[in-house]
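Note: the block below is structure_8.tsv and it holds TSV, C-alpha atoms.
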```
chain	number	residue	atom	x	y	z
A	91	MET	CA	176.15	36.90	93.07
A	92	GLY	CA	174.49	34.62	90.51
A	93	GLY	CA	172.37	36.68	88.12
A	94	GLY	CA	173.08	39.99	89.88
A	95	ILE	CA	170.49	42.46	91.01
A	96	GLY	CA	168.15	41.33	88.24
A	97	ASP	CA	167.31	38.27	90.34
A	98	ILE	CA	165.36	40.42	92.76
A	99	LEU	CA	163.02	41.92	90.20
A	100	GLY	CA	159.78	40.28	89.19
A	101	GLY	CA	159.53	37.52	91.80
A	102	GLU	CA	157.00	34.71	91.82
A	103	ASP	CA	154.19	33.42	93.99
A	104	LYS	CA	155.72	31.72	97.03
A	105	LYS	CA	154.45	30.43	100.33
A	106	ILE	CA	157.79	29.27	101.68
A	107	LEU	CA	160.84	31.26	102.78
A	108	SER	CA	163.88	29.33	101.61
A	109	THR	CA	167.21	29.56	103.42
A	110	GLY	CA	169.01	29.40	100.10
A	111	ASN	CA	170.58	26.11	101.27
A	112	ASN	CA	168.78	23.06	99.86
A	113	GLU	CA	170.03	20.64	102.51
A	114	LEU	CA	168.93	22.96	105.30
A	115	ASP	CA	165.53	23.57	103.67
A	116	LYS	CA	164.80	19.84	103.53
A	117	LYS	CA	165.02	19.65	107.31
A	118	ILE	CA	162.56	22.48	107.88
A	119	ALA	CA	159.69	21.55	105.58
A	120	ASP	CA	161.44	22.95	102.47
A	121	GLY	CA	161.76	26.27	104.28
A	122	LEU	CA	159.83	28.38	106.78
A	123	PRO	CA	156.24	29.42	106.06
A	124	LEU	CA	155.85	32.99	104.87
A	125	GLU	CA	153.73	35.31	107.01
A	126	SER	CA	154.82	33.52	110.17
A	127	LEU	CA	156.57	34.28	113.46
A	128	THR	CA	159.67	32.16	114.05
A	129	LEU	CA	161.54	31.82	117.35
A	130	ILE	CA	165.20	30.78	117.18
A	131	GLU	CA	166.66	30.07	120.62
A	132	GLY	CA	169.89	28.74	122.03
A	133	GLU	CA	172.87	29.56	124.21
A	134	ASN	CA	175.91	31.64	123.25
A	135	ASP	CA	177.79	30.69	120.07
A	136	THR	CA	175.35	28.02	118.92
A	137	GLY	CA	174.81	29.48	115.45
A	138	LYS	CA	171.68	31.62	115.85
A	139	SER	CA	173.16	34.58	113.97
A	140	VAL	CA	174.65	32.29	111.33
A	141	LEU	CA	171.22	30.76	110.72
A	142	THR	CA	169.55	34.17	110.41
A	143	GLN	CA	172.26	35.29	107.98
A	144	GLN	CA	171.56	32.24	105.83
A	145	ILE	CA	167.82	33.02	105.95
A	146	ILE	CA	168.49	36.64	104.96
A	147	TRP	CA	170.38	35.34	101.93
A	148	GLY	CA	167.48	33.07	101.00
A	149	ALA	CA	164.95	35.89	101.35
A	150	LEU	CA	166.97	38.25	99.16
A	151	LYS	CA	167.38	35.56	96.50
A	152	GLN	CA	163.58	35.18	96.55
A	153	SER	CA	163.07	38.84	95.63
A	154	MET	CA	162.10	39.96	99.15
A	155	CYS	CA	163.13	43.06	101.06
A	156	VAL	CA	164.68	42.45	104.47
A	157	ASP	CA	165.11	44.58	107.61
A	158	LEU	CA	167.66	43.35	110.17
A	159	PHE	CA	167.58	44.75	113.71
A	160	THR	CA	170.73	43.59	115.46
A	161	THR	CA	172.23	43.89	118.93
A	162	GLU	CA	174.95	41.43	117.87
A	163	ASN	CA	176.68	43.39	115.09
A	164	THR	CA	177.44	46.76	113.62
A	165	THR	CA	176.51	47.22	109.96
A	166	LYS	CA	180.16	46.83	108.98
A	167	SER	CA	180.72	43.65	110.99
A	168	PHE	CA	177.48	42.14	109.67
A	169	LEU	CA	178.44	42.76	106.04
A	170	LYS	CA	181.88	41.33	106.77
A	171	GLN	CA	180.36	38.18	108.31
A	172	MET	CA	178.12	37.66	105.29
A	173	GLU	CA	181.12	38.02	103.01
A	174	SER	CA	183.07	35.46	105.07
A	175	MET	CA	180.21	32.98	104.53
A	176	SER	CA	180.44	33.53	100.75
A	177	LEU	CA	177.03	35.21	100.78
A	178	ASP	CA	177.57	38.30	98.65
A	179	ILE	CA	174.81	40.72	99.58
A	180	SER	CA	176.66	43.90	98.62
A	181	GLU	CA	174.36	44.74	95.70
A	182	TYR	CA	171.21	44.04	97.70
A	183	TYR	CA	172.48	46.29	100.49
A	184	ALA	CA	173.58	49.04	98.11
A	185	TRP	CA	170.16	49.09	96.41
A	186	GLY	CA	168.28	49.14	99.71
A	187	TYR	CA	166.70	45.69	99.47
A	188	LEU	CA	168.48	44.88	102.75
A	189	ARG	CA	168.58	47.42	105.58
A	190	VAL	CA	170.59	46.92	108.77
A	191	PHE	CA	169.66	48.68	112.02
A	192	PRO	CA	172.25	48.18	114.81
A	193	LEU	CA	170.47	48.56	118.17
A	194	ASN	CA	173.62	48.94	120.26
A	195	VAL	CA	173.62	52.66	119.58
A	196	VAL	CA	176.48	54.52	121.21
A	197	GLY	CA	175.06	56.84	123.84
A	198	PHE	CA	171.70	55.09	123.97
A	199	GLU	CA	170.69	54.43	127.57
A	200	TRP	CA	168.78	51.21	128.11
A	201	LYS	CA	166.16	51.84	130.80
A	202	GLU	CA	163.31	49.66	132.03
A	203	THR	CA	160.96	52.66	132.07
A	204	GLU	CA	161.56	53.30	128.36
A	205	MET	CA	161.51	49.69	127.14
A	206	SER	CA	157.78	49.39	126.52
A	207	GLY	CA	157.78	52.56	124.44
A	208	LEU	CA	160.87	51.44	122.51
A	209	LEU	CA	159.33	48.07	121.65
A	210	ASN	CA	156.10	49.80	120.59
A	211	ARG	CA	158.06	52.11	118.29
A	212	LEU	CA	159.83	49.08	116.85
A	213	ILE	CA	156.45	47.46	116.11
A	214	GLN	CA	155.23	50.63	114.38
A	215	PHE	CA	158.42	50.83	112.33
A	216	ILE	CA	158.05	47.20	111.21
A	217	LYS	CA	154.39	47.76	110.38
A	218	ASN	CA	155.19	50.72	108.12
A	219	SER	CA	158.31	49.19	106.53
A	220	ARG	CA	158.19	47.89	102.97
A	221	ALA	CA	160.27	44.88	104.07
A	222	GLU	CA	158.42	41.56	103.95
A	223	VAL	CA	161.00	39.78	106.12
A	224	ILE	CA	162.06	41.12	109.52
A	225	ILE	CA	164.94	39.69	111.58
A	226	ILE	CA	165.53	40.65	115.22
A	227	ASP	CA	168.90	39.30	116.40
A	228	SER	CA	168.60	39.19	119.30
A	229	LEU	CA	165.87	40.01	121.84
A	230	THR	CA	168.08	39.07	124.80
A	231	LEU	CA	169.28	42.61	125.55
A	232	PHE	CA	165.67	43.81	125.63
A	233	SER	CA	164.80	41.10	128.16
A	234	GLU	CA	167.30	42.53	130.64
A	235	TYR	CA	165.36	45.80	130.79
A	236	ALA	CA	161.77	44.68	130.13
A	237	ASP	CA	159.43	42.68	132.32
A	238	THR	CA	157.75	39.49	131.17
A	239	GLY	CA	154.47	41.22	130.32
A	240	THR	CA	156.22	43.72	128.04
A	241	ILE	CA	158.07	40.96	126.18
A	242	LEU	CA	154.94	38.84	125.76
A	243	THR	CA	153.02	41.89	124.49
A	244	PHE	CA	155.80	42.45	121.96
A	245	PHE	CA	155.48	38.86	120.68
A	246	THR	CA	151.70	39.22	120.47
A	247	ASN	CA	152.12	42.43	118.48
A	248	CYS	CA	154.58	40.65	116.17
A	249	LYS	CA	151.98	37.92	115.64
A	250	ASN	CA	149.47	40.60	114.65
A	251	LEU	CA	151.95	41.93	112.06
A	252	VAL	CA	152.29	38.40	110.68
A	253	ASP	CA	148.54	38.42	110.05
A	254	HIS	CA	149.13	41.53	107.92
A	255	GLY	CA	151.75	39.95	105.69
A	256	LYS	CA	155.05	40.20	107.60
A	257	THR	CA	157.46	37.30	108.12
A	258	ILE	CA	159.30	37.82	111.42
A	259	LEU	CA	162.20	35.87	112.93
A	260	ILE	CA	163.41	36.55	116.46
A	261	THR	CA	166.49	35.07	118.14
A	262	LEU	CA	167.04	34.92	121.89
A	263	HIS	CA	169.35	33.33	124.43
A	264	THR	CA	167.52	30.65	126.38
A	265	TYR	CA	169.26	31.54	129.67
A	266	ALA	CA	167.83	35.07	129.65
A	267	PHE	CA	164.21	33.99	130.06
A	268	GLU	CA	162.34	32.09	132.74
A	269	GLU	CA	160.93	28.74	131.63
A	270	GLU	CA	157.33	29.90	132.08
A	271	SER	CA	157.95	32.87	129.78
A	272	LEU	CA	159.68	30.65	127.21
A	273	VAL	CA	156.73	28.25	127.14
A	274	ARG	CA	154.37	31.13	126.36
A	275	ILE	CA	156.69	32.65	123.75
A	276	ARG	CA	157.09	29.26	122.03
A	277	SER	CA	153.31	28.78	121.95
A	278	ILE	CA	152.79	32.22	120.35
A	279	SER	CA	155.36	31.42	117.64
A	280	ASP	CA	154.41	29.64	114.41
A	281	ALA	CA	157.83	28.01	114.13
A	282	HIS	CA	160.31	27.15	116.88
A	283	LEU	CA	163.93	26.25	116.15
A	284	SER	CA	166.53	25.58	118.84
A	285	MET	CA	170.29	25.65	118.49
A	286	LYS	CA	172.91	23.74	120.45
A	287	LYS	CA	176.44	22.40	120.16
A	288	ALA	CA	177.42	18.77	119.63
A	289	LEU	CA	180.76	17.00	119.85
A	290	LEU	CA	182.11	15.67	116.55
A	291	GLY	CA	185.37	13.86	117.21
A	292	VAL	CA	187.51	16.47	118.92
A	293	LYS	CA	185.57	19.53	117.74
A	294	TYR	CA	182.14	20.99	118.27
A	295	VAL	CA	179.60	21.52	115.53
A	296	MET	CA	176.33	23.46	115.58
A	297	VAL	CA	173.05	21.56	115.67
A	298	LEU	CA	169.64	22.91	114.68
A	299	GLU	CA	166.57	21.15	116.06
A	300	VAL	CA	163.18	21.77	114.47
A	301	ASN	CA	160.68	21.80	117.34
A	302	LYS	CA	157.69	22.93	115.30
A	303	VAL	CA	156.79	24.49	111.97
A	304	ARG	CA	153.21	25.57	111.40
A	305	GLY	CA	151.47	23.59	108.68
A	306	ALA	CA	154.40	21.22	108.16
A	307	ARG	CA	154.27	17.46	108.54
A	308	LYS	CA	156.99	15.13	109.81
A	309	THR	CA	159.44	17.87	110.71
A	310	THR	CA	159.24	18.02	114.50
A	311	GLY	CA	162.44	16.66	116.02
A	312	ASN	CA	164.41	16.95	112.79
A	313	LEU	CA	168.07	17.64	113.44
A	314	VAL	CA	170.66	19.18	111.15
A	315	SER	CA	174.28	19.72	112.10
A	316	PHE	CA	176.63	22.13	110.38
A	317	GLU	CA	179.96	23.92	110.51
A	318	VAL	CA	180.81	27.37	109.26
A	319	HIS	CA	183.94	27.60	107.14
A	320	PRO	CA	185.47	31.01	106.36
A	321	GLY	CA	185.25	31.64	102.65
A	322	TYR	CA	182.83	28.74	102.16
A	323	GLY	CA	179.93	29.28	104.51
A	324	MET	CA	177.59	26.69	106.02
A	325	LYS	CA	178.59	23.08	105.55
A	326	ILE	CA	175.97	20.47	106.51
A	327	ILE	CA	177.34	17.43	108.35
A	328	PRO	CA	175.47	14.07	108.45
A	329	MET	CA	174.03	13.57	111.94
A	330	SER	CA	175.47	10.04	112.07
A	331	PHE	CA	178.84	11.67	112.63
A	332	ALA	CA	177.67	13.95	115.41
A	333	LYS	CA	177.02	13.01	119.01
A	334	VAL	CA	174.36	15.29	120.50
```

Could I get this structure in the form of structure tokens?
Amino acid sequence: MGGGIGDILGGEDKKILSTGNNELDKKIADGLPLESLTLIEGENDTGKSVLTQQIIWGALKQSMCVDLFTTENTTKSFLKQMESMSLDISEYYAWGYLRVFPLNVVGFEWKETEMSGLLNRLIQFIKNSRAEVIIIDSLTLFSEYADTGTILTFFTNCKNLVDHGKTILITLHTYAFEEESLVRIRSISDAHLSMKKALLGVKYVMVLEVNKVRGARKTTGNLVSFEVHPGYGMKIIPMSFAKV
């Protein structure tokens, strides 16, 4: 890990959250704005988790503390995935600059009656955390047990935390939400990225579309396609080769 743990001491004044991948940053206004709420949506296996993992790497390299709440991985499987992408976060994790909170707790009973309280506790935890960057991957499981009002309240509360210095990224599966709810969630969010698959020759690649980024110019509609290679990580592919 270039420079070791010393990289995360000191820091500098920044307004942009880099992904740690220059080619990817260029497509999203050099990175996402700090103190913003970002929605990342798409169907299954379109690269949402891969994108958040890349953003986690960028945040850690920028001297930020990160909390990851995941329904997609265990701590062990997450660390293994990062390693497979050649993103060595072992020191950051060992020193507590990255914390992973798996939400698929064995024995935990997901109930609609408890969902509002659970989401409120999550908001309070985020508010009191020292982490500047918060990733929730994904919100889909919550949507199965929470009504629309509860989910929208959660997004509004996240937006309030953004006003107090937090940078929050939330992934969700498009299919799990009604269109009307999605429209409102997208409008609440400062940045909206969508993921899909595209055919490249005989194989599929992942495509990120930048729908909006607060304060950025000439980014809406930007597309970036990529593959994930074990042992190498994200590889950007020119869009001229991909058929969306």

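For the atom pair formed by atom CA of Ile327 of chain A and atom CA of Leu177 of chain A, the distance is 19.3 Å, given to one decimal.
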
Could you list as a ChimeraX atom specification every residue that has an atom within 8 Å of (156.3, 44.8, 107.6), using the file's coordinates and counting only C-alpha atoms?
/A:215-224,251,254-257

Specify the axis-aligned box that encloses all atoms of segment 139-144 of chain A listed in the file after padding of 5 Å on each side, stating its centre and edge lengths in Å to one decimal as JSON.
```
{"center_x": 172.1, "center_y": 33.0, "center_z": 109.9, "size_x": 15.1, "size_y": 14.5, "size_z": 18.1}
```

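One finds atom CA of Trp147 of chain A at 8.4 Å from atom CA of Asp178 of chain A.
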
Near segment 311-324 of chain A, counting all atoms listed in the file, which residues have an atom at most 7 Å away, once you skip same-chain residues fewer than 3 positions from it, shown as a compact mmCIF listing (two decimals) with C-alpha atoms, in the frame of the given file?
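As a result, result_28.txt now contains:
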```
# COMPACT_ATOMS: atom_id res chain seq x y z
CA LYS A 117 165.02 19.65 107.31
CA SER A 174 183.07 35.46 105.07
CA MET A 175 180.21 32.98 104.53
CA SER A 176 180.44 33.53 100.75
CA VAL A 295 179.60 21.52 115.53
CA MET A 296 176.33 23.46 115.58
CA VAL A 297 173.05 21.56 115.67
CA LEU A 298 169.64 22.91 114.68
CA GLU A 299 166.57 21.15 116.06
CA VAL A 300 163.18 21.77 114.47
CA ASN A 301 160.68 21.80 117.34
CA ILE A 327 177.34 17.43 108.35
CA PRO A 328 175.47 14.07 108.45
CA MET A 329 174.03 13.57 111.94
```

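The space separating atom CA of Leu259 of chain A from atom CA of Glu234 of chain A comes to 19.6 Å.
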
Which of these residues is nearest to Leu212 of chain A, using all atoms listed in the file: A:Tyr235, A:Phe159, A:Tyr187, A:Phe267?
A:Phe159

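In terms of minimum interatomic distance to Met154 of chain A, A:Leu124 ranks closest within A:Leu272, A:Val303, A:Leu193, A:Leu124, counting all atoms listed in the file.
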
Compare A:Ile225, A:Leu158, A:Ala306, A:Leu283 by their minimum atom-to-atom distance to Pro192 of chain A, counting all atoms listed in the file, and give me the closest one.
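For Pro192 of chain A, the nearest of the candidates is A:Leu158.
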
Tell me, as an MDAnalysis selection string, which residues lie within 9 Å of Lys138 of chain A, counting only C-alpha atoms; anything in the same chain fewer than 4 positions away does not count.
chainID A and resid 130:134 142:143 227:228 261:262 284:285

Check the smallest atom-to-atom distance from each of A:Thr246, A:Ser139, A:Arg304, A:Asp237 to Ala119 of chain A using all atoms listed in the file, then report the winner.
A:Arg304

For segment 274-280 of chain A: contacts at 9 Å, only C-alpha atoms, fewer than 2 positions along chain excluded, given as a PyMOL selection string
chain A and resi 123+126-129+241-242+245-246+249+269-272+282+302-305

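Comparing A:Glu125, A:Val190, A:Glu173, A:Leu229 by their smallest distance to Asp157 of chain A, the closest is A:Val190 (using only C-alpha atoms).
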
Kindly reconstruct segment 112-130 of chain A with N, CA and C atoms and present the result as a short mmCIF file (atom, residue, chain, number, x, y, z; two decimals), in the coordinates of the input.
```cif
data_model
loop_
_atom_site.label_atom_id
_atom_site.label_comp_id
_atom_site.auth_asym_id
_atom_site.auth_seq_id
_atom_site.Cartn_x
_atom_site.Cartn_y
_atom_site.Cartn_z
N ASN A 112 169.72 24.15 100.10
CA ASN A 112 168.78 23.06 99.86
C ASN A 112 168.77 22.02 100.97
N GLU A 113 169.95 21.66 101.46
CA GLU A 113 170.03 20.64 102.51
C GLU A 113 169.35 21.11 103.79
N LEU A 114 169.55 22.38 104.10
CA LEU A 114 168.93 22.96 105.30
C LEU A 114 167.41 23.04 105.12
N ASP A 115 166.97 23.47 103.94
CA ASP A 115 165.53 23.57 103.67
C ASP A 115 164.81 22.25 103.88
N LYS A 116 165.44 21.16 103.43
CA LYS A 116 164.80 19.84 103.53
C LYS A 116 164.45 19.47 104.96
N LYS A 117 165.23 19.97 105.90
CA LYS A 117 165.02 19.65 107.31
C LYS A 117 163.93 20.50 107.95
N ILE A 118 163.60 21.61 107.30
CA ILE A 118 162.56 22.48 107.88
C ILE A 118 161.42 22.68 106.88
N ALA A 119 160.89 21.54 106.42
CA ALA A 119 159.69 21.55 105.58
C ALA A 119 159.89 22.36 104.30
N ASP A 120 161.07 22.23 103.70
CA ASP A 120 161.44 22.95 102.47
C ASP A 120 161.62 24.44 102.70
N GLY A 121 161.61 24.87 103.93
CA GLY A 121 161.76 26.27 104.28
C GLY A 121 160.71 26.67 105.31
N LEU A 122 160.79 27.89 105.79
CA LEU A 122 159.83 28.38 106.78
C LEU A 122 158.61 28.96 106.08
N PRO A 123 157.43 28.85 106.70
CA PRO A 123 156.24 29.42 106.06
C PRO A 123 156.33 30.95 106.05
N LEU A 124 155.93 31.54 104.92
CA LEU A 124 155.85 32.99 104.87
C LEU A 124 154.68 33.46 105.73
N GLU A 125 154.74 34.73 106.13
CA GLU A 125 153.73 35.31 107.01
C GLU A 125 153.61 34.48 108.29
N SER A 126 154.76 34.30 108.93
CA SER A 126 154.82 33.52 110.17
C SER A 126 155.78 34.19 111.14
N LEU A 127 155.68 33.80 112.41
CA LEU A 127 156.57 34.28 113.46
C LEU A 127 157.44 33.10 113.90
N THR A 128 158.74 33.23 113.71
CA THR A 128 159.67 32.16 114.05
C THR A 128 160.56 32.54 115.22
N LEU A 129 160.65 31.65 116.20
CA LEU A 129 161.54 31.82 117.35
C LEU A 129 162.75 30.93 117.14
N ILE A 130 163.94 31.53 117.25
CA ILE A 130 165.20 30.78 117.18
C ILE A 130 165.92 30.98 118.51
#
```
